[in-house]
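K.L.:
To be precise about what I am sending: the file is called data25.txt and holds compact mmCIF, C-alpha atoms and all ligand atoms.
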```txt
# COMPACT_ATOMS: atom_id res chain seq x y z
CA MET U 1366 0.00 0.00 0.00
CA ARG U 1367 2.70 2.43 1.08
CA ALA U 1368 4.85 1.43 -1.93
CA VAL U 1369 1.95 2.30 -4.20
CA GLN U 1370 1.49 5.63 -2.42
CA THR U 1371 5.16 6.56 -2.78
CA ARG U 1372 5.19 5.56 -6.40
CA LYS U 1373 2.14 7.75 -6.96
CA ASN U 1374 3.80 10.61 -5.12
CA LYS U 1375 6.97 10.24 -7.15
CA LYS U 1376 4.95 10.25 -10.31
CA ARG U 1377 3.16 13.40 -9.18
CA VAL U 1378 6.45 15.17 -8.44
CA ALA U 1379 7.89 14.01 -11.75
CA LEU U 1380 4.82 15.27 -13.58
CA LYS U 1381 5.04 18.60 -11.80
CA SER U 1382 8.68 19.15 -12.74
CA ARG U 1383 7.92 17.95 -16.25
CA LYS U 1384 5.17 20.56 -16.56
CA LEU U 1385 7.52 23.24 -15.25
CA VAL U 1386 10.23 22.41 -17.78
CA LEU U 1387 7.68 22.19 -20.57
CA ARG U 1388 6.31 25.58 -19.70
CA MET U 1389 9.84 26.97 -19.77
CA VAL U 1390 10.68 25.42 -23.13
CA LEU U 1391 7.35 26.43 -24.65
CA LEU U 1392 7.88 29.99 -23.48
CA VAL U 1393 11.31 30.16 -25.10
CA CYS U 1394 9.94 28.81 -28.35
CA LEU U 1395 6.86 31.00 -28.35
CA GLN U 1396 9.15 33.96 -27.92
CA ALA U 1397 10.95 32.81 -31.01
CA GLY U 1398 7.54 33.17 -32.62
CA SER U 1399 7.76 29.76 -34.17
CA LEU U 1400 4.90 27.77 -32.72
CA ALA U 1401 2.46 30.52 -33.59
CA HIS U 1402 3.14 30.02 -37.29
CA ALA U 1403 3.58 26.28 -37.36
CA GLY U 1404 1.13 24.26 -39.37
CA SER U 1405 -2.00 26.19 -38.48
CA LEU U 1406 -3.89 24.84 -41.50
CA TYR U 1407 -3.98 21.35 -39.98
CA ASN U 1408 -4.53 22.52 -36.42
CA GLU U 1409 -1.36 20.64 -35.52
CA PRO U 1410 2.12 21.95 -34.73
CA ILE U 1411 3.45 20.05 -37.76
CA SER U 1412 2.29 20.36 -41.36
CA PRO U 1413 2.79 18.02 -44.35
CA ILE U 1414 5.60 18.51 -46.86
CA PRO U 1415 4.24 19.95 -50.11
CA ASP U 1416 4.92 18.22 -53.43
CA PRO U 1417 7.99 19.69 -55.13
CA ILE U 1418 7.23 22.16 -57.93
CA ASN U 1419 9.43 21.16 -60.84
CA ASP U 1420 8.88 24.25 -62.98
CA LYS U 1421 12.51 24.48 -64.16
CA PRO U 1422 13.30 20.92 -65.32
CA ALA U 1423 16.35 21.87 -67.42
CA ILE U 1424 17.99 23.77 -64.56
CA THR U 1425 17.09 21.01 -62.09
CA GLU U 1426 18.78 18.47 -64.36
CA LEU U 1427 21.86 20.68 -64.64
CA GLY U 1428 21.95 21.07 -60.85
CA ASN U 1429 21.68 17.29 -60.48
CA LYS U 1430 24.69 16.81 -62.76
CA LEU U 1431 26.74 19.43 -60.87
CA PHE U 1432 25.76 17.86 -57.53
CA HIS U 1433 27.19 14.51 -58.67
CA ASP U 1434 30.40 15.79 -60.31
CA ALA U 1435 33.51 14.71 -58.40
CA ARG U 1436 35.87 16.60 -60.76
CA PHE U 1437 35.15 19.78 -58.82
CA SER U 1438 37.16 18.58 -55.80
CA SER U 1439 40.95 19.01 -55.60
CA ASP U 1440 41.69 15.27 -55.95
CA LYS U 1441 38.68 14.60 -58.28
CA THR U 1442 37.15 12.05 -55.90
CA ILE U 1443 34.52 13.96 -53.93
CA ALA U 1444 31.18 15.31 -55.17
CA CYS U 1445 28.40 16.86 -53.11
CA ALA U 1446 26.68 13.49 -53.46
CA SER U 1447 29.66 11.67 -51.85
CA CYS U 1448 28.56 13.08 -48.51
CA HIS U 1449 24.87 13.57 -49.36
CA SER U 1450 23.88 10.32 -51.05
CA LEU U 1451 20.39 10.52 -52.51
CA VAL U 1452 20.00 6.75 -52.68
CA SER U 1453 19.80 6.68 -48.89
CA GLY U 1454 18.96 9.46 -46.45
CA GLY U 1455 20.74 12.39 -48.18
CA MET U 1456 23.81 12.05 -45.96
CA ASP U 1457 26.84 9.74 -45.60
CA GLY U 1458 26.08 7.54 -42.60
CA LYS U 1459 29.37 8.47 -40.91
CA PRO U 1460 29.80 10.19 -37.53
CA VAL U 1461 31.84 12.91 -39.29
CA SER U 1462 32.36 13.33 -43.05
CA ILE U 1463 35.42 12.25 -45.03
CA GLY U 1464 36.54 14.61 -47.80
CA VAL U 1465 39.42 14.82 -50.28
CA GLU U 1466 42.52 12.71 -49.53
CA SER U 1467 40.47 10.91 -46.85
CA ARG U 1468 40.56 13.99 -44.64
CA GLN U 1469 38.23 13.74 -41.70
CA GLY U 1470 35.89 16.62 -40.96
CA ASN U 1471 34.73 17.60 -37.51
CA ILE U 1472 30.97 17.45 -37.73
CA ASN U 1473 28.13 15.15 -38.83
CA ALA U 1474 26.68 15.70 -42.33
CA PRO U 1475 22.99 16.65 -42.20
CA THR U 1476 20.66 15.44 -44.93
CA VAL U 1477 20.12 17.55 -48.05
CA PHE U 1478 16.56 16.23 -48.34
CA ASN U 1479 14.15 19.03 -47.38
CA SER U 1480 17.07 21.34 -46.54
CA SER U 1481 15.35 24.07 -48.59
CA LEU U 1482 12.73 24.18 -45.83
CA ASN U 1483 15.26 25.12 -43.11
CA PHE U 1484 15.42 28.74 -41.94
CA LYS U 1485 19.24 28.73 -41.98
CA GLN U 1486 21.88 26.26 -43.19
CA PHE U 1487 24.56 24.36 -41.20
CA TRP U 1488 24.36 23.20 -37.60
CA ASP U 1489 25.37 26.63 -36.36
CA GLY U 1490 23.28 28.49 -38.95
CA ARG U 1491 26.25 30.34 -40.41
CA ALA U 1492 24.79 30.31 -43.95
CA ALA U 1493 21.59 32.34 -44.34
CA ASN U 1494 20.39 30.24 -47.28
CA LEU U 1495 21.33 27.51 -49.76
CA MET U 1496 23.08 29.95 -52.15
CA GLU U 1497 25.45 30.99 -49.35
CA GLN U 1498 25.85 27.43 -48.11
CA ILE U 1499 27.61 26.17 -51.28
CA ASP U 1500 30.77 28.23 -50.68
CA GLY U 1501 31.38 26.13 -47.54
CA PRO U 1502 32.02 22.64 -49.00
CA ILE U 1503 33.69 24.01 -52.16
CA HIS U 1504 36.45 25.71 -50.15
CA SER U 1505 36.68 23.56 -47.01
CA LYS U 1506 40.09 21.82 -46.84
CA HIS U 1507 38.50 18.62 -45.50
CA GLU U 1508 35.60 18.59 -47.97
CA MET U 1509 36.19 19.52 -51.66
CA ASN U 1510 39.21 21.80 -51.13
CA SER U 1511 38.57 23.63 -54.40
CA SER U 1512 37.96 27.12 -55.77
CA TRP U 1513 35.44 28.79 -58.09
CA PRO U 1514 38.00 29.61 -60.83
CA ALA U 1515 39.01 25.90 -60.92
CA ILE U 1516 35.38 24.78 -61.17
CA VAL U 1517 34.41 27.37 -63.78
CA SER U 1518 37.34 26.28 -65.94
CA ILE U 1519 36.33 22.58 -65.73
CA ILE U 1520 32.78 23.49 -66.76
CA GLN U 1521 33.95 25.72 -69.59
CA GLY U 1522 36.07 22.88 -70.94
CA ASP U 1523 33.09 20.52 -71.07
CA PRO U 1524 30.82 20.90 -74.13
CA SER U 1525 27.86 19.12 -72.53
CA TYR U 1526 27.87 21.56 -69.60
CA GLN U 1527 28.36 24.47 -72.04
CA ALA U 1528 25.19 23.50 -73.88
CA MET U 1529 23.18 23.11 -70.69
CA PHE U 1530 24.26 26.49 -69.31
CA THR U 1531 23.62 28.32 -72.59
CA ARG U 1532 20.16 26.78 -72.81
CA SER U 1533 19.14 28.03 -69.34
CA TYR U 1534 21.16 31.18 -68.70
CA SER U 1535 21.69 34.14 -71.05
CA ASP U 1536 25.08 34.86 -69.45
CA GLY U 1537 26.24 31.22 -69.63
CA VAL U 1538 28.69 29.77 -67.09
CA THR U 1539 29.04 32.04 -64.03
CA VAL U 1540 29.56 31.23 -60.36
CA ASN U 1541 26.13 32.61 -59.62
CA ASN U 1542 24.51 30.39 -62.25
CA ILE U 1543 26.35 27.31 -60.97
CA LYS U 1544 25.05 28.03 -57.48
CA HIS U 1545 21.58 28.79 -58.80
CA ALA U 1546 21.42 25.45 -60.64
CA ILE U 1547 22.55 23.51 -57.55
CA VAL U 1548 20.05 25.34 -55.35
CA THR U 1549 17.24 24.73 -57.85
CA PHE U 1550 18.11 21.04 -57.74
CA GLU U 1551 18.24 21.06 -53.94
CA SER U 1552 14.80 22.66 -53.83
CA SER U 1553 13.50 19.62 -55.75
CA LEU U 1554 14.74 17.32 -52.96
CA LEU U 1555 11.50 17.33 -51.00
CA THR U 1556 10.18 14.09 -49.54
CA PRO U 1557 6.38 14.33 -49.31
CA ASN U 1558 3.81 11.65 -48.56
CA SER U 1559 5.29 10.03 -45.45
CA ARG U 1560 2.74 7.97 -43.56
CA PHE U 1561 2.62 10.72 -40.95
CA ASP U 1562 1.81 13.33 -43.63
CA GLN U 1563 -0.95 11.08 -44.97
CA TYR U 1564 -2.30 10.96 -41.41
CA LEU U 1565 -2.11 14.76 -41.06
CA LYS U 1566 -3.98 15.15 -44.33
CA GLY U 1567 -6.86 13.13 -42.89
CA ASP U 1568 -6.12 9.43 -43.51
CA LYS U 1569 -6.49 8.21 -39.94
CA THR U 1570 -5.66 4.64 -40.99
CA ALA U 1571 -2.17 5.65 -42.15
CA LEU U 1572 -0.75 5.19 -38.64
CA SER U 1573 -1.10 2.31 -36.20
CA LYS U 1574 -2.45 2.84 -32.69
CA ASP U 1575 1.08 2.73 -31.24
CA GLU U 1576 2.35 5.29 -33.77
CA VAL U 1577 -0.47 7.70 -32.93
CA ALA U 1578 0.28 7.17 -29.23
CA GLY U 1579 3.93 7.98 -30.00
CA TYR U 1580 2.92 11.23 -31.69
CA GLU U 1581 0.74 12.16 -28.70
CA LEU U 1582 3.73 11.58 -26.38
CA PHE U 1583 5.93 13.64 -28.73
CA LYS U 1584 3.51 16.51 -28.11
CA VAL U 1585 2.81 15.89 -24.41
CA TYR U 1586 6.48 15.59 -23.42
CA GLY U 1587 7.24 18.76 -25.37
CA CYS U 1588 9.51 17.46 -28.17
CA VAL U 1589 7.25 19.49 -30.42
CA SER U 1590 8.22 22.75 -28.74
CA CYS U 1591 11.54 22.46 -30.61
CA HIS U 1592 10.83 19.99 -33.44
CA GLN U 1593 7.83 21.47 -35.27
CA GLY U 1594 6.64 23.14 -38.44
CA VAL U 1595 6.78 21.58 -41.88
CA ASN U 1596 10.29 20.16 -41.40
CA ILE U 1597 9.70 19.05 -37.78
CA GLY U 1598 12.71 21.17 -36.92
CA GLY U 1599 14.95 23.51 -38.88
CA ASN U 1600 13.19 26.69 -37.78
CA LEU U 1601 14.96 27.74 -34.59
CA PHE U 1602 18.19 27.46 -32.61
CA GLN U 1603 18.21 25.69 -29.27
CA LYS U 1604 20.83 24.77 -26.75
CA LEU U 1605 22.04 21.20 -26.64
CA GLY U 1606 21.85 20.49 -22.93
CA ILE U 1607 19.22 23.07 -22.04
CA VAL U 1608 18.18 21.27 -18.81
CA HIS U 1609 21.28 19.18 -17.99
CA GLU U 1610 24.72 20.09 -19.28
CA TYR U 1611 25.53 17.94 -22.32
CA VAL U 1612 28.46 15.56 -22.01
CA PHE U 1613 30.48 15.54 -25.23
CA THR U 1614 31.45 11.95 -25.77
CA GLN U 1615 32.66 11.80 -29.32
CA LEU U 1616 34.81 14.84 -29.95
CA GLY U 1617 36.54 15.33 -26.63
CA SER U 1618 36.70 18.66 -24.84
CA ASN U 1619 39.31 20.20 -27.17
CA ASN U 1620 37.10 19.76 -30.18
CA ARG U 1621 33.78 20.80 -28.72
CA ASP U 1622 31.72 22.57 -31.29
CA LEU U 1623 30.40 25.72 -29.68
CA GLY U 1624 27.47 26.07 -32.10
CA ARG U 1625 26.02 29.58 -32.60
CA PHE U 1626 28.84 30.99 -30.47
CA ASN U 1627 31.16 30.32 -33.45
CA ILE U 1628 29.41 33.17 -35.24
CA THR U 1629 28.02 35.52 -32.61
CA LYS U 1630 30.84 35.15 -30.00
CA LYS U 1631 28.17 35.69 -27.38
CA GLU U 1632 28.56 33.61 -24.23
CA GLU U 1633 24.82 32.86 -24.11
CA ASP U 1634 24.99 31.27 -27.59
CA LYS U 1635 27.38 28.50 -26.57
CA TYR U 1636 26.11 25.03 -27.60
CA PHE U 1637 23.11 26.45 -29.46
CA PHE U 1638 22.47 24.52 -32.67
CA LYS U 1639 19.84 24.62 -35.34
CA VAL U 1640 17.18 22.17 -34.17
CA PRO U 1641 17.53 19.43 -36.81
CA SER U 1642 14.64 18.28 -38.96
CA LEU U 1643 13.23 14.89 -37.98
CA ARG U 1644 12.03 14.11 -41.51
CA ASN U 1645 13.41 10.71 -42.67
CA ILE U 1646 15.11 10.42 -39.29
CA ALA U 1647 15.03 6.60 -39.34
CA LEU U 1648 17.46 6.74 -42.30
CA THR U 1649 19.98 9.30 -41.06
CA ALA U 1650 21.98 7.64 -38.27
CA PRO U 1651 24.36 8.38 -36.65
CA TYR U 1652 22.71 11.28 -34.86
CA LEU U 1653 23.58 14.63 -33.28
CA HIS U 1654 26.07 17.17 -34.58
CA ASP U 1655 28.98 15.09 -33.31
CA GLY U 1656 27.56 11.83 -34.70
CA SER U 1657 27.85 10.37 -31.23
CA GLU U 1658 24.55 8.53 -31.15
CA GLN U 1659 23.95 5.44 -33.28
CA THR U 1660 20.32 4.64 -32.51
CA LEU U 1661 17.00 6.44 -32.35
CA GLU U 1662 16.36 4.79 -28.98
CA GLY U 1663 19.58 6.34 -27.69
CA VAL U 1664 18.95 9.81 -29.05
CA VAL U 1665 15.37 9.90 -27.72
CA ALA U 1666 16.68 8.97 -24.25
CA LYS U 1667 19.24 11.79 -24.53
CA MET U 1668 16.57 14.29 -25.59
CA MET U 1669 14.41 13.28 -22.63
CA TYR U 1670 17.29 13.86 -20.24
CA TYR U 1671 19.22 16.82 -21.69
CA GLN U 1672 16.45 18.76 -23.48
CA LEU U 1673 13.42 18.04 -21.33
CA GLY U 1674 14.81 16.85 -17.99
CA VAL U 1675 11.98 14.40 -17.56
CA PRO U 1676 12.07 10.80 -16.43
CA SER U 1677 10.69 8.55 -19.15
CA THR U 1678 9.71 4.92 -19.35
CA LYS U 1679 11.15 2.54 -21.91
CA GLU U 1680 7.59 2.01 -23.12
CA ASP U 1681 7.15 5.73 -23.88
CA ARG U 1682 10.49 5.95 -25.65
CA THR U 1683 9.62 2.91 -27.76
CA LEU U 1684 6.32 4.52 -28.80
CA ILE U 1685 8.08 7.77 -29.74
CA VAL U 1686 10.58 5.84 -31.85
CA LYS U 1687 7.68 4.08 -33.59
CA TYR U 1688 6.25 7.50 -34.38
CA LEU U 1689 9.60 8.81 -35.67
CA LYS U 1690 9.75 5.88 -38.10
CA THR U 1691 6.54 7.13 -39.78
CA LEU U 1692 8.37 10.28 -40.94
CA THR U 1693 10.09 8.60 -43.89
CA GLY U 1694 8.87 10.21 -47.10
CA GLU U 1695 9.07 9.69 -50.86
CA TYR U 1696 11.64 10.99 -53.31
CA ASN U 1697 10.71 10.84 -57.01
CA GLY U 1698 7.57 8.94 -56.03
CA LYS U 1699 9.45 6.15 -54.22
CA LEU U 1700 9.60 5.58 -50.49
CA LEU U 1701 13.14 6.33 -49.27
CA LYS U 1702 15.03 3.37 -47.84
C1 LIG B 1 33.12 15.89 -47.41
C2 LIG B 1 31.70 15.80 -47.22
C3 LIG B 1 30.80 16.87 -47.81
C4 LIG B 1 30.76 17.33 -49.10
C5 LIG B 1 31.66 16.97 -50.24
C6 LIG B 1 29.65 18.25 -49.15
N1 LIG B 1 29.03 18.32 -47.94
FE1 LIG B 1 27.35 19.35 -47.52
N2 LIG B 1 27.68 19.04 -45.57
C7 LIG B 1 28.67 18.25 -45.03
C8 LIG B 1 28.76 18.49 -43.61
C9 LIG B 1 29.72 17.81 -42.65
C10 LIG B 1 27.80 19.48 -43.31
C11 LIG B 1 27.56 20.12 -41.95
C12 LIG B 1 28.58 21.23 -41.77
C13 LIG B 1 28.25 22.16 -40.63
O1 LIG B 1 27.09 22.27 -40.24
O2 LIG B 1 29.16 22.84 -40.15
C14 LIG B 1 27.11 19.78 -44.57
C15 LIG B 1 26.04 20.64 -44.68
C16 LIG B 1 25.34 20.84 -45.86
C17 LIG B 1 24.07 21.53 -45.97
C18 LIG B 1 23.29 22.15 -44.82
C19 LIG B 1 22.14 21.28 -44.40
C20 LIG B 1 21.54 21.76 -43.12
O3 LIG B 1 20.46 21.26 -42.76
O4 LIG B 1 22.11 22.61 -42.43
C21 LIG B 1 23.72 21.53 -47.29
C22 LIG B 1 22.49 22.13 -47.91
C23 LIG B 1 24.80 20.87 -48.01
N3 LIG B 1 25.74 20.44 -47.10
C24 LIG B 1 24.89 20.77 -49.38
C25 LIG B 1 26.08 20.44 -50.03
C26 LIG B 1 26.38 20.73 -51.42
C27 LIG B 1 25.47 21.44 -52.40
C28 LIG B 1 27.63 20.24 -51.67
C29 LIG B 1 28.45 20.31 -52.93
C30 LIG B 1 28.74 21.65 -53.44
C31 LIG B 1 28.09 19.63 -50.42
N4 LIG B 1 27.14 19.79 -49.46
C32 LIG B 1 29.29 18.95 -50.29
C33 LIG B 1 29.45 17.36 -45.73
C34 LIG B 1 29.73 17.52 -47.08
C1 LIG B 2 14.77 22.34 -26.18
C2 LIG B 2 14.70 21.91 -27.57
C3 LIG B 2 14.54 20.43 -27.86
C4 LIG B 2 13.62 19.54 -27.34
C5 LIG B 2 12.57 19.81 -26.29
C6 LIG B 2 13.85 18.29 -28.02
N1 LIG B 2 14.87 18.41 -28.92
FE1 LIG B 2 15.54 16.97 -30.14
N2 LIG B 2 17.08 18.17 -30.69
C7 LIG B 2 17.27 19.48 -30.30
C8 LIG B 2 18.55 19.95 -30.76
C9 LIG B 2 19.12 21.35 -30.55
C10 LIG B 2 19.14 18.87 -31.44
C11 LIG B 2 20.52 18.85 -32.09
C12 LIG B 2 21.55 18.72 -31.01
C13 LIG B 2 22.95 18.54 -31.52
O1 LIG B 2 23.20 17.59 -32.27
O2 LIG B 2 23.80 19.33 -31.19
C14 LIG B 2 18.18 17.76 -31.39
C15 LIG B 2 18.38 16.52 -31.97
C16 LIG B 2 17.42 15.52 -32.04
C17 LIG B 2 17.54 14.31 -32.79
C18 LIG B 2 18.71 13.94 -33.68
C19 LIG B 2 18.55 14.53 -35.05
C20 LIG B 2 19.74 14.34 -35.95
O3 LIG B 2 19.56 14.46 -37.16
O4 LIG B 2 20.85 14.08 -35.47
C21 LIG B 2 16.40 13.59 -32.59
C22 LIG B 2 16.04 12.24 -33.19
C23 LIG B 2 15.58 14.35 -31.68
N3 LIG B 2 16.22 15.52 -31.37
C24 LIG B 2 14.34 13.94 -31.20
C25 LIG B 2 13.70 14.55 -30.14
C26 LIG B 2 12.62 13.97 -29.37
C27 LIG B 2 11.97 12.63 -29.67
C28 LIG B 2 12.32 14.84 -28.38
C29 LIG B 2 11.34 14.66 -27.25
C30 LIG B 2 11.58 13.51 -26.40
C31 LIG B 2 13.19 16.00 -28.54
N4 LIG B 2 14.03 15.77 -29.60
C32 LIG B 2 13.15 17.13 -27.75
C33 LIG B 2 16.36 20.23 -29.58
C34 LIG B 2 15.32 19.70 -28.84
```
Taking this structure as input, can you express it in the form of structure tokens?
Ligand code: HEC
Ligand code: HEC
P.N.:
Amino acid sequence: MRAVQTRKNKKRVALKSRKLVLRMVLLVCLQAGSLAHAGSLYNEPISPIPDPINDKPAITELGNKLFHDARFSSDKTIACASCHSLVSGGMDGKPVSIGVESRQGNINAPTVFNSSLNFKQFWDGRAANLMEQIDGPIHSKHEMNSSWPAIVSIIQGDPSYQAMFTRSYSDGVTVNNIKHAIVTFESSLLTPNSRFDQYLKGDKTALSKDEVAGYELFKVYGCVSCHQGVNIGGNLFQKLGIVHEYVFTQLGSNNRDLGRFNITKKEEDKYFFKVPSLRNIALTAPYLHDGSEQTLEGVVAKMMYYQLGVPSTKEDRTLIVKYLKTLTGEYNGKLLK
């Protein structure tokens, strides 16, 4: 009898502190103005991914070719697609990326699928948009280690590229047009029609009972205060370790990525990262900016502890993972695998 009482009491206390933390997190996010705009059409904090509008097929095709061209890297082995494979989750499956001459980078590659829906690019948001983002990998010593003059000259020496550029751009091969073609292609990399999106659009049979229960927990626990909107993330910065200080396991203290602080140099921005999209999350292990987490089970447990500070049962975490697995969408009409 007493054991039951204590358990009940504990649960009550846990619930109370959970509510407190939730209120705190919600407040922060409401201030960011994000929840107010998220998915209002469906009366849910998340809205379905729209179908891609392919109104520039010739430029999209050119962008696709550029995205897959390894000749643009200094040792001719690395294309954008080497680290953002479109036959899987739009990333490379490694904790940190490997670039030219097998050089190891220092951060996990995010997916390029749906990246056009993010409010900023990169984990620390240092690129305002996809056009700006491209300069990063082109110049990075441990990615493509190249330069625009080198790339322009390769393209100018290739008659098939010449023809494609002349067809679509009056001023032919320019850095701006190269970027524009890649960005147009990236904007076509939307993955609509996940089972969860079918559910949001009104097909209540698209999810199992457990998956719906997982979505309810995702909302009740407060995951949705950070992961929301059309991309279920990608629309605000939040601190990793907002409730409990995050322990950096993979990179070691010397290599800690300081997140937003890298750009703003403001103490209060340390360890703030762009909240990642959870679209196709079942396909994009390993997780977190340092690639330190291999499984969804593991990352959900970390989120519960570091981001929400709530005790959680294995049963709840399992249901949330079941929900996360419904977020896999279609690319070119085929379910991603
Ligand atoms: C060597 C591997 C590598 C190559 C090559 C590479 N990327 Fe990336 N990409 C990464 C990594 C790692 C990040 C994360 C870097 C960061 O946040 O600091 C990233 C981030 C991105 C992002 C931001 C996504 C987001 O949600 O923030 C986009 C978009 C992107 N890359 C597109 C490209 C394009 C286009 C090219 C080719 C011009 C390219 N990448 C080449 C590894 C690579
Ligand atoms: C306070 C904001 C916040 C809350 C609440 C939150 N997250 Fe996160 N989540 C983040 C941030 C920030 C990251 C990226 C951290 C990093 O890698 O540095 C992240 C990363 C993740 C990732 C890994 C994504 C990837 O591509 O590596 C998953 C999965 C995830 N969260 C799921 C959840 C779930 C499930 C919940 C609820 C139990 C939750 N999150 C609650 C902010 C939050």
K.L.:
Residues within 10 Å of Pro1651 (chain U), please, as a VMD selection string. Count all atoms listed in the file; anything in the same chain fewer than 4 positions from it doesn't count.
P.N.:
chain U and resid 1457 to 1461 1473 to 1474 1646 to 1647 1655 to 1661 1664
K.L.:
When you count all atoms listed in the file, which of these residues is closest to ligand LIG 2 (chain B): U:Ser1552, U:Asn1558, U:Ala1515, U:Asp1489?
P.N.:
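Selected residue with least distance to ligand LIG 2 (chain B): U:Asp1489.
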K.L.:
As a CSV table (one decimal) with C-alpha atoms, in the frame of the given file, please: the residues near Arg1468 (chain U) (cut-off 9 Å, only C-alpha atoms, same-chain neighbours under 5 positions excluded).
P.N.:
```
chain,number,residue,atom,x,y,z
U,1462,SER,CA,32.4,13.3,-43.0
U,1463,ILE,CA,35.4,12.2,-45.0
U,1506,LYS,CA,40.1,21.8,-46.8
U,1507,HIS,CA,38.5,18.6,-45.5
U,1508,GLU,CA,35.6,18.6,-48.0
```
K.L.:
Using only C-alpha atoms, give me every residue within 9 Å of (9.9, 7.6, -49.8) in file coordinates, as a count of residues only.
P.N.:
15
K.L.:
I'd like the neighbourhood of Gln1593 (chain U) as a ChimeraX atom specification, where a residue qualifies if any of its atoms comes within 8 Å (using all atoms listed in the file), though same-chain residues fewer than 2 positions away should be ignored.
P.N.:
/U:1400,1403,1410-1411,1589-1591,1595-1598,1600
K.L.:
Let me have the centre and edge lengths of the axis-aligned box enclosing all listed atoms of ligand LIG 1 (chain B) with 5 Å padding on every side, in Å to one decimal, as AutoDock Vina command-line options.
P.N.:
```
--center_x 26.8 --center_y 19.3 --center_z -46.8 --size_x 22.7 --size_y 17.0 --size_z 23.3
```
K.L.:
Counting all atoms listed in the file, name the residues that have an atom within 6 Å of an atom of ligand LIG 1 (chain B); the answer should be given as a list in words.
P.N.:
Phe1432, Ile1443, Ala1444, Cys1445, Ser1447, Cys1448, Ser1462, Ile1463, Gly1464, Ile1472, Asn1473, Ala1474, Pro1475, Val1477, Ser1480, Gln1486, Phe1487, Trp1488, Leu1495, Ile1499, Pro1502, Ile1503, Glu1508 and Met1509 of chain U
K.L.:
Write out as a PyMOL selection string each polymer residue (protein, DNA or RNA) that has an atom no more than 6 Å from ligand LIG 2 (chain B), with only C-alpha atoms and all ligand atoms counted.
P.N.:
chain U and resi 1390+1583+1587-1588+1590-1591+1603-1605+1638-1641+1652-1654+1661+1664-1665+1668-1669+1672-1673
